[in-house]
Amino acid sequence: MQGEFATPEGCPALVLNADFRPLSYYPLSLWSWQDAIKAVFLDRVNIVSNYDVAVHSPSFEMQLPSVVSLKTYLKPAQYPAFTRFNLFLRDSFLCQYCGDEHELTFDHVIPRRLGGQTTWENVITACAPCNLRKGGKLPKEAGMIPRQKPFRPTVNELHKNGRRFPPNYLHESWRDYLYWDSELEA
Ligand SMILES: [Zn+2]
């Protein structure tokens, strides 16, 4: 199969739940065009919107879906995945020691050498200079106390920050489904 106007690889489909909210926000639920088309043929999704890109083989031609919705409602996850992006998002992309927004890294509040875990409750956003200054010390030893105690956020808590830090790439057909409900939930 060949794309006609653009490469199909650049055309993921946003996956909505049966209530037309994204199946997942963090990370955003996206399927490859192959998975989206497979789900259409298996009758598991409805096509909500299409790209101006078609794929074709000798026997058929089809526009690539840009938004699909599940036919069966799935209970959404309450907690987001523990990822680099989600951790930065929880901390609003700010160093939790000095508030700087540049050269962001991750700091283990209780250092790993003292048994500190790599978890929501022990990892925070820190700028490189603060991370270096704190080194392998405990917050009290270093005199550096995080502005907020690290915690495992719910999807709703991340969503409050999510509007301010949208993903780099959003197809225009996705926008209606991403942020319309934030105001109501806030
Ligand atoms: Zn800092």
# chains A, B, ... in the order shown; residues from 1 in each chain; ligands from 1
call {"tool": "residues_near_ligand", "arguments": {"ligand": "ligand 1", "cutoff": "7 Å", "atoms": "only C-alpha atoms and all ligand atoms", "output": "short mmCIF file (atom, residue, chain, number, x, y, z; two decimals) with N, CA and C atoms, in the first residue's frame"}}
result
data_model
loop_
_atom_site.label_atom_id
_atom_site.label_comp_id
_atom_site.auth_asym_id
_atom_site.auth_seq_id
_atom_site.Cartn_x
_atom_site.Cartn_y
_atom_site.Cartn_z
N CYS A 95 11.46 22.89 37.84
CA CYS A 95 12.33 22.32 38.87
C CYS A 95 11.63 22.46 40.22
N GLN A 96 11.54 21.36 40.95
CA GLN A 96 10.82 21.39 42.22
C GLN A 96 11.66 21.97 43.36
N TYR A 97 12.90 22.31 43.06
CA TYR A 97 13.73 22.96 44.08
C TYR A 97 13.78 24.47 43.87
N CYS A 98 14.02 24.91 42.62
CA CYS A 98 14.23 26.36 42.42
C CYS A 98 13.19 26.98 41.48
N GLY A 99 12.38 26.16 40.82
CA GLY A 99 11.35 26.72 39.95
C GLY A 99 11.81 26.99 38.52
N ASP A 100 13.08 26.68 38.22
CA ASP A 100 13.57 26.92 36.85
C ASP A 100 12.89 25.95 35.88
N ALA A 126 13.82 18.16 38.42
CA ALA A 126 14.85 19.06 38.95
C ALA A 126 15.71 19.56 37.80
N CYS A 127 16.11 20.80 37.86
CA CYS A 127 17.01 21.32 36.82
C CYS A 127 18.40 20.70 37.05
N ALA A 128 19.21 20.69 36.01
CA ALA A 128 20.52 20.04 36.10
C ALA A 128 21.39 20.63 37.22
N PRO A 129 21.46 21.98 37.35
CA PRO A 129 22.28 22.53 38.43
C PRO A 129 21.80 22.09 39.82
N CYS A 130 20.49 22.08 40.06
CA CYS A 130 19.98 21.64 41.37
C CYS A 130 20.28 20.16 41.60
#
call {"tool": "select_by_dssp", "arguments": {"residues": "range 64-164 of chain A", "states": "strand (DSSP E)", "output": "PyMOL selection string"}}
result
chain A and resi 64-70+104-108+123-127
call {"tool": "write_last_selection", "arguments": {"atoms": "N, CA, C and O atoms", "output": "PDB file, in the first residue's frame"}}
result
ATOM      1  N   LEU A  64      -7.652   7.242   5.253  1.00  0.00           N
ATOM      2  CA  LEU A  64      -7.186   6.857   6.580  1.00  0.00           C
ATOM      3  C   LEU A  64      -7.987   7.591   7.652  1.00  0.00           C
ATOM      4  O   LEU A  64      -8.167   8.804   7.565  1.00  0.00           O
ATOM      5  N   PRO A  65      -8.465   6.852   8.654  1.00  0.00           N
ATOM      6  CA  PRO A  65      -9.193   7.525   9.730  1.00  0.00           C
ATOM      7  C   PRO A  65      -8.253   8.364  10.591  1.00  0.00           C
ATOM      8  O   PRO A  65      -7.153   7.916  10.919  1.00  0.00           O
ATOM      9  N   SER A  66      -8.691   9.583  10.935  1.00  0.00           N
ATOM     10  CA  SER A  66      -7.896  10.402  11.866  1.00  0.00           C
ATOM     11  C   SER A  66      -8.463  10.314  13.279  1.00  0.00           C
ATOM     12  O   SER A  66      -7.736  10.533  14.252  1.00  0.00           O
ATOM     13  N   VAL A  67      -9.758  10.003  13.388  1.00  0.00           N
ATOM     14  CA  VAL A  67     -10.385   9.805  14.698  1.00  0.00           C
ATOM     15  C   VAL A  67     -11.329   8.614  14.588  1.00  0.00           C
ATOM     16  O   VAL A  67     -12.127   8.547  13.643  1.00  0.00           O
ATOM     17  N   VAL A  68     -11.216   7.687  15.525  1.00  0.00           N
ATOM     18  CA  VAL A  68     -12.159   6.563  15.590  1.00  0.00           C
ATOM     19  C   VAL A  68     -12.721   6.494  17.006  1.00  0.00           C
ATOM     20  O   VAL A  68     -12.093   6.978  17.954  1.00  0.00           O
ATOM     21  N   SER A  69     -13.916   5.916  17.138  1.00  0.00           N
ATOM     22  CA  SER A  69     -14.505   5.743  18.482  1.00  0.00           C
ATOM     23  C   SER A  69     -14.863   4.280  18.680  1.00  0.00           C
ATOM     24  O   SER A  69     -15.371   3.620  17.769  1.00  0.00           O
ATOM     25  N   LEU A  70     -14.587   3.783  19.869  1.00  0.00           N
ATOM     26  CA  LEU A  70     -14.897   2.389  20.196  1.00  0.00           C
ATOM     27  C   LEU A  70     -16.407   2.181  20.202  1.00  0.00           C
ATOM     28  O   LEU A  70     -17.155   3.050  20.622  1.00  0.00           O
ATOM     29  N   LEU A 104      15.835  20.419  32.378  1.00  0.00           N
ATOM     30  CA  LEU A 104      15.135  19.594  33.361  1.00  0.00           C
ATOM     31  C   LEU A 104      15.620  18.139  33.336  1.00  0.00           C
ATOM     32  O   LEU A 104      15.871  17.557  32.287  1.00  0.00           O
ATOM     33  N   THR A 105      15.780  17.608  34.529  1.00  0.00           N
ATOM     34  CA  THR A 105      16.192  16.217  34.718  1.00  0.00           C
ATOM     35  C   THR A 105      15.292  15.616  35.795  1.00  0.00           C
ATOM     36  O   THR A 105      14.364  16.273  36.272  1.00  0.00           O
ATOM     37  N   PHE A 106      15.595  14.381  36.189  1.00  0.00           N
ATOM     38  CA  PHE A 106      14.848  13.743  37.265  1.00  0.00           C
ATOM     39  C   PHE A 106      15.749  13.556  38.470  1.00  0.00           C
ATOM     40  O   PHE A 106      16.905  13.174  38.331  1.00  0.00           O
ATOM     41  N   ASP A 107      15.192  13.826  39.641  1.00  0.00           N
ATOM     42  CA  ASP A 107      15.960  13.634  40.863  1.00  0.00           C
ATOM     43  C   ASP A 107      15.231  12.652  41.774  1.00  0.00           C
ATOM     44  O   ASP A 107      14.016  12.741  41.952  1.00  0.00           O
ATOM     45  N   HIS A 108      15.992  11.710  42.327  1.00  0.00           N
ATOM     46  CA  HIS A 108      15.459  10.829  43.362  1.00  0.00           C
ATOM     47  C   HIS A 108      15.550  11.569  44.690  1.00  0.00           C
ATOM     48  O   HIS A 108      16.663  11.883  45.133  1.00  0.00           O
ATOM     49  N   VAL A 123      10.391  10.462  42.858  1.00  0.00           N
ATOM     50  CA  VAL A 123      11.105  11.106  41.756  1.00  0.00           C
ATOM     51  C   VAL A 123      10.437  12.443  41.465  1.00  0.00           C
ATOM     52  O   VAL A 123       9.205  12.539  41.420  1.00  0.00           O
ATOM     53  N   ILE A 124      11.246  13.464  41.299  1.00  0.00           N
ATOM     54  CA  ILE A 124      10.715  14.793  40.985  1.00  0.00           C
ATOM     55  C   ILE A 124      11.510  15.423  39.845  1.00  0.00           C
ATOM     56  O   ILE A 124      12.619  14.998  39.528  1.00  0.00           O
ATOM     57  N   THR A 125      10.929  16.456  39.282  1.00  0.00           N
ATOM     58  CA  THR A 125      11.588  17.245  38.257  1.00  0.00           C
ATOM     59  C   THR A 125      12.592  18.178  38.930  1.00  0.00           C
ATOM     60  O   THR A 125      12.258  18.862  39.892  1.00  0.00           O
ATOM     61  N   ALA A 126      13.822  18.162  38.419  1.00  0.00           N
ATOM     62  CA  ALA A 126      14.849  19.065  38.954  1.00  0.00           C
ATOM     63  C   ALA A 126      15.711  19.556  37.799  1.00  0.00           C
ATOM     64  O   ALA A 126      16.007  18.792  36.884  1.00  0.00           O
ATOM     65  N   CYS A 127      16.111  20.805  37.856  1.00  0.00           N
ATOM     66  CA  CYS A 127      17.007  21.317  36.822  1.00  0.00           C
ATOM     67  C   CYS A 127      18.398  20.700  37.053  1.00  0.00           C
ATOM     68  O   CYS A 127      18.713  20.254  38.163  1.00  0.00           O
TER      69      CYS A 127
END
call {"tool": "residues_around", "arguments": {"residues": "Lys140 in chain A", "least_positions_apart": "5", "cutoff": "12 Å", "atoms": "only C-alpha atoms", "output": "ChimeraX atom specification"}}
result
/A:109-110,134,145-146
call {"tool": "residues_around", "arguments": {"residues": "range 135-138 of chain A", "least_positions_apart": "2", "cutoff": "8 Å", "atoms": "only C-alpha atoms", "output": "VMD selection string"}}
result
chain A and resid 109 to 113 131 to 133 140 to 142
call {"tool": "residues_around", "arguments": {"residues": "Phe151 in chain A", "least_positions_apart": "3", "cutoff": "8 Å", "atoms": "only C-alpha atoms", "output": "mmCIF file with N, CA, C and O atoms, in the first residue's frame"}}
result
data_model
loop_
_atom_site.group_PDB
_atom_site.id
_atom_site.type_symbol
_atom_site.label_atom_id
_atom_site.label_comp_id
_atom_site.auth_asym_id
_atom_site.auth_seq_id
_atom_site.Cartn_x
_atom_site.Cartn_y
_atom_site.Cartn_z
ATOM 1 N N TRP A 120 6.549 7.360 41.493
ATOM 2 C CA TRP A 120 5.904 8.681 41.574
ATOM 3 C C TRP A 120 6.222 9.367 42.899
ATOM 4 O O TRP A 120 6.369 10.583 42.961
ATOM 5 N N GLU A 121 6.317 8.581 43.979
ATOM 6 C CA GLU A 121 6.453 9.159 45.320
ATOM 7 C C GLU A 121 7.883 9.552 45.650
ATOM 8 O O GLU A 121 8.124 10.158 46.701
ATOM 9 N N ASN A 122 8.844 9.209 44.773
ATOM 10 C CA ASN A 122 10.239 9.520 45.116
ATOM 11 C C ASN A 122 11.007 10.214 43.995
ATOM 12 O O ASN A 122 12.177 10.530 44.166
#
call {"tool": "residues_around", "arguments": {"residues": "Leu89 in chain A", "least_positions_apart": "6", "cutoff": "7 Å", "atoms": "only C-alpha atoms", "output": "PDB file with N, CA and C atoms, in the first residue's frame"}}
result
ATOM      1  N   LEU A 158      -3.583  15.132  36.452  1.00  0.00           N
ATOM      2  CA  LEU A 158      -2.677  15.462  35.343  1.00  0.00           C
ATOM      3  C   LEU A 158      -3.384  16.317  34.304  1.00  0.00           C
ATOM      4  N   ASN A 161      -3.076  20.047  34.435  1.00  0.00           N
ATOM      5  CA  ASN A 161      -1.860  20.623  33.850  1.00  0.00           C
ATOM      6  C   ASN A 161      -1.800  20.382  32.347  1.00  0.00           C
ATOM      7  N   GLY A 162      -2.492  19.346  31.881  1.00  0.00           N
ATOM      8  CA  GLY A 162      -2.374  18.938  30.488  1.00  0.00           C
ATOM      9  C   GLY A 162      -2.779  19.999  29.483  1.00  0.00           C
TER      10      GLY A 162
END
call {"tool": "atom_distance", "arguments": {"atom1": "CA of Asn50 in chain A", "atom2": "CA of Arg164 in chain A"}}
result
26.7 Å
call {"tool": "atom_distance", "arguments": {"atom1": "CA of Val45 in chain A", "atom2": "CA of His159 in chain A"}}
result
25.0 Å
call {"tool": "select_by_dssp", "arguments": {"residues": "range 51-155 of chain A", "states": "helix (DSSP H, G or I)", "output": "PyMOL selection string"}}
result
chain A and resi 84-90+112-114+128-134+139-142+155
call {"tool": "closest_residue", "arguments": {"among": "A:Trp31, A:Tyr79, A:Phe165, A:Tyr25", "to": "Ser92 in chain A", "atoms": "only C-alpha atoms"}}
result
A:Phe165
call {"tool": "residues_around", "arguments": {"residues": "Leu28 in chain A", "least_positions_apart": "3", "cutoff": "12 Å", "atoms": "only C-alpha atoms", "output": "PyMOL selection string"}}
result
chain A and resi 12-16+21-25+31+80-81+85-86+155+159+162+166-170+174+177-178
call {"tool": "atom_distance", "arguments": {"atom1": "CA of Ser29 in chain A", "atom2": "CA of Asp52 in chain A"}}
result
20.8 Å
call {"tool": "closest_residue", "arguments": {"among": "A:His102, A:Ser173, A:Leu114, A:Asp91", "to": "Ile47 in chain A", "atoms": "only C-alpha atoms"}}
result
A:Ser173
call {"tool": "decode", "arguments": {"residues": "range 99-112 of chain A", "atoms": "all heavy atoms", "output": "mmCIF file, in the first residue's frame"}}
result
data_model
loop_
_atom_site.group_PDB
_atom_site.id
_atom_site.type_symbol
_atom_site.label_atom_id
_atom_site.label_comp_id
_atom_site.auth_asym_id
_atom_site.auth_seq_id
_atom_site.Cartn_x
_atom_site.Cartn_y
_atom_site.Cartn_z
ATOM 1 N N GLY A 99 12.383 26.161 40.817
ATOM 2 C CA GLY A 99 11.353 26.720 39.946
ATOM 3 C C GLY A 99 11.811 26.995 38.521
ATOM 4 O O GLY A 99 11.034 27.485 37.701
ATOM 5 N N ASP A 100 13.076 26.685 38.215
ATOM 6 C CA ASP A 100 13.570 26.915 36.851
ATOM 7 C C ASP A 100 12.891 25.953 35.880
ATOM 8 O O ASP A 100 12.450 24.871 36.266
ATOM 9 C CB ASP A 100 15.093 26.691 36.816
ATOM 10 C CG ASP A 100 15.742 27.370 35.617
ATOM 11 O OD1 ASP A 100 15.049 27.583 34.603
ATOM 12 O OD2 ASP A 100 16.947 27.684 35.695
ATOM 13 N N GLU A 101 12.785 26.383 34.608
ATOM 14 C CA GLU A 101 12.132 25.533 33.618
ATOM 15 C C GLU A 101 13.113 25.022 32.556
ATOM 16 O O GLU A 101 12.704 24.459 31.550
ATOM 17 C CB GLU A 101 10.977 26.288 32.951
ATOM 18 C CG GLU A 101 11.402 27.577 32.273
ATOM 19 C CD GLU A 101 10.203 28.433 31.844
ATOM 20 O OE1 GLU A 101 9.131 28.284 32.475
ATOM 21 O OE2 GLU A 101 10.353 29.221 30.896
ATOM 22 N N HIS A 102 14.405 25.248 32.773
ATOM 23 C CA HIS A 102 15.403 24.827 31.783
ATOM 24 C C HIS A 102 16.209 23.629 32.278
ATOM 25 O O HIS A 102 16.296 23.397 33.480
ATOM 26 C CB HIS A 102 16.349 25.994 31.462
ATOM 27 C CG HIS A 102 15.630 27.181 30.904
ATOM 28 N ND1 HIS A 102 15.385 28.317 31.654
ATOM 29 C CD2 HIS A 102 15.039 27.389 29.699
ATOM 30 C CE1 HIS A 102 14.705 29.190 30.916
ATOM 31 N NE2 HIS A 102 14.482 28.651 29.725
ATOM 32 N N GLU A 103 16.794 22.896 31.316
ATOM 33 C CA GLU A 103 17.692 21.764 31.627
ATOM 34 C C GLU A 103 17.061 20.809 32.631
ATOM 35 O O GLU A 103 17.683 20.430 33.626
ATOM 36 C CB GLU A 103 19.018 22.272 32.215
ATOM 37 C CG GLU A 103 19.905 23.036 31.269
ATOM 38 C CD GLU A 103 21.248 23.337 31.945
ATOM 39 O OE1 GLU A 103 22.054 22.402 32.059
ATOM 40 O OE2 GLU A 103 21.452 24.490 32.366
ATOM 41 N N LEU A 104 15.835 20.419 32.378
ATOM 42 C CA LEU A 104 15.135 19.594 33.361
ATOM 43 C C LEU A 104 15.620 18.139 33.336
ATOM 44 O O LEU A 104 15.871 17.557 32.287
ATOM 45 C CB LEU A 104 13.624 19.642 33.100
ATOM 46 C CG LEU A 104 13.008 21.030 33.290
ATOM 47 C CD1 LEU A 104 11.501 20.975 33.043
ATOM 48 C CD2 LEU A 104 13.307 21.600 34.669
ATOM 49 N N THR A 105 15.780 17.608 34.529
ATOM 50 C CA THR A 105 16.192 16.217 34.718
ATOM 51 C C THR A 105 15.292 15.616 35.795
ATOM 52 O O THR A 105 14.364 16.273 36.272
ATOM 53 C CB THR A 105 17.651 16.134 35.201
ATOM 54 O OG1 THR A 105 17.727 16.755 36.492
ATOM 55 C CG2 THR A 105 18.613 16.831 34.247
ATOM 56 N N PHE A 106 15.595 14.381 36.189
ATOM 57 C CA PHE A 106 14.848 13.743 37.265
ATOM 58 C C PHE A 106 15.749 13.556 38.470
ATOM 59 O O PHE A 106 16.905 13.174 38.331
ATOM 60 C CB PHE A 106 14.318 12.382 36.810
ATOM 61 C CG PHE A 106 13.408 12.500 35.630
ATOM 62 C CD1 PHE A 106 13.852 12.216 34.353
ATOM 63 C CD2 PHE A 106 12.107 12.930 35.808
ATOM 64 C CE1 PHE A 106 13.012 12.360 33.269
ATOM 65 C CE2 PHE A 106 11.257 13.075 34.726
ATOM 66 C CZ PHE A 106 11.712 12.788 33.454
ATOM 67 N N ASP A 107 15.192 13.826 39.641
ATOM 68 C CA ASP A 107 15.960 13.634 40.863
ATOM 69 C C ASP A 107 15.231 12.652 41.774
ATOM 70 O O ASP A 107 14.016 12.741 41.952
ATOM 71 C CB ASP A 107 16.133 14.971 41.604
ATOM 72 C CG ASP A 107 16.929 14.786 42.896
ATOM 73 O OD1 ASP A 107 18.078 14.318 42.799
ATOM 74 O OD2 ASP A 107 16.391 15.097 43.975
ATOM 75 N N HIS A 108 15.992 11.710 42.327
ATOM 76 C CA HIS A 108 15.459 10.829 43.362
ATOM 77 C C HIS A 108 15.550 11.569 44.690
ATOM 78 O O HIS A 108 16.663 11.883 45.133
ATOM 79 C CB HIS A 108 16.264 9.530 43.433
ATOM 80 C CG HIS A 108 16.005 8.592 42.297
ATOM 81 N ND1 HIS A 108 16.472 8.811 41.030
ATOM 82 C CD2 HIS A 108 15.294 7.430 42.250
ATOM 83 C CE1 HIS A 108 16.081 7.823 40.243
ATOM 84 N NE2 HIS A 108 15.353 6.970 40.949
ATOM 85 N N VAL A 109 14.410 11.870 45.309
ATOM 86 C CA VAL A 109 14.406 12.632 46.559
ATOM 87 C C VAL A 109 15.212 11.871 47.612
ATOM 88 O O VAL A 109 16.126 12.428 48.227
ATOM 89 C CB VAL A 109 12.957 12.883 47.039
ATOM 90 C CG1 VAL A 109 12.963 13.616 48.379
ATOM 91 C CG2 VAL A 109 12.194 13.702 45.991
ATOM 92 N N ILE A 110 14.860 10.612 47.843
ATOM 93 C CA ILE A 110 15.735 9.727 48.613
ATOM 94 C C ILE A 110 16.647 9.065 47.596
ATOM 95 O O ILE A 110 16.189 8.369 46.697
ATOM 96 C CB ILE A 110 14.935 8.670 49.391
ATOM 97 C CG1 ILE A 110 14.036 9.362 50.423
ATOM 98 C CG2 ILE A 110 15.869 7.676 50.087
ATOM 99 C CD1 ILE A 110 13.054 8.434 51.092
ATOM 100 N N PRO A 111 17.962 9.315 47.680
ATOM 101 C CA PRO A 111 18.876 8.824 46.633
ATOM 102 C C PRO A 111 18.809 7.304 46.482
ATOM 103 O O PRO A 111 18.518 6.592 47.444
ATOM 104 C CB PRO A 111 20.247 9.262 47.132
ATOM 105 C CG PRO A 111 19.989 10.357 48.113
ATOM 106 C CD PRO A 111 18.657 10.068 48.719
ATOM 107 N N ARG A 112 19.096 6.868 45.281
ATOM 108 C CA ARG A 112 19.052 5.428 45.003
ATOM 109 C C ARG A 112 20.022 4.646 45.880
ATOM 110 O O ARG A 112 19.723 3.543 46.315
ATOM 111 C CB ARG A 112 19.363 5.166 43.524
ATOM 112 C CG ARG A 112 18.090 5.142 42.677
ATOM 113 C CD ARG A 112 18.408 4.858 41.236
ATOM 114 N NE ARG A 112 19.153 5.978 40.642
ATOM 115 C CZ ARG A 112 19.276 6.164 39.333
ATOM 116 N NH1 ARG A 112 18.739 5.306 38.493
ATOM 117 N NH2 ARG A 112 19.948 7.181 38.856
#
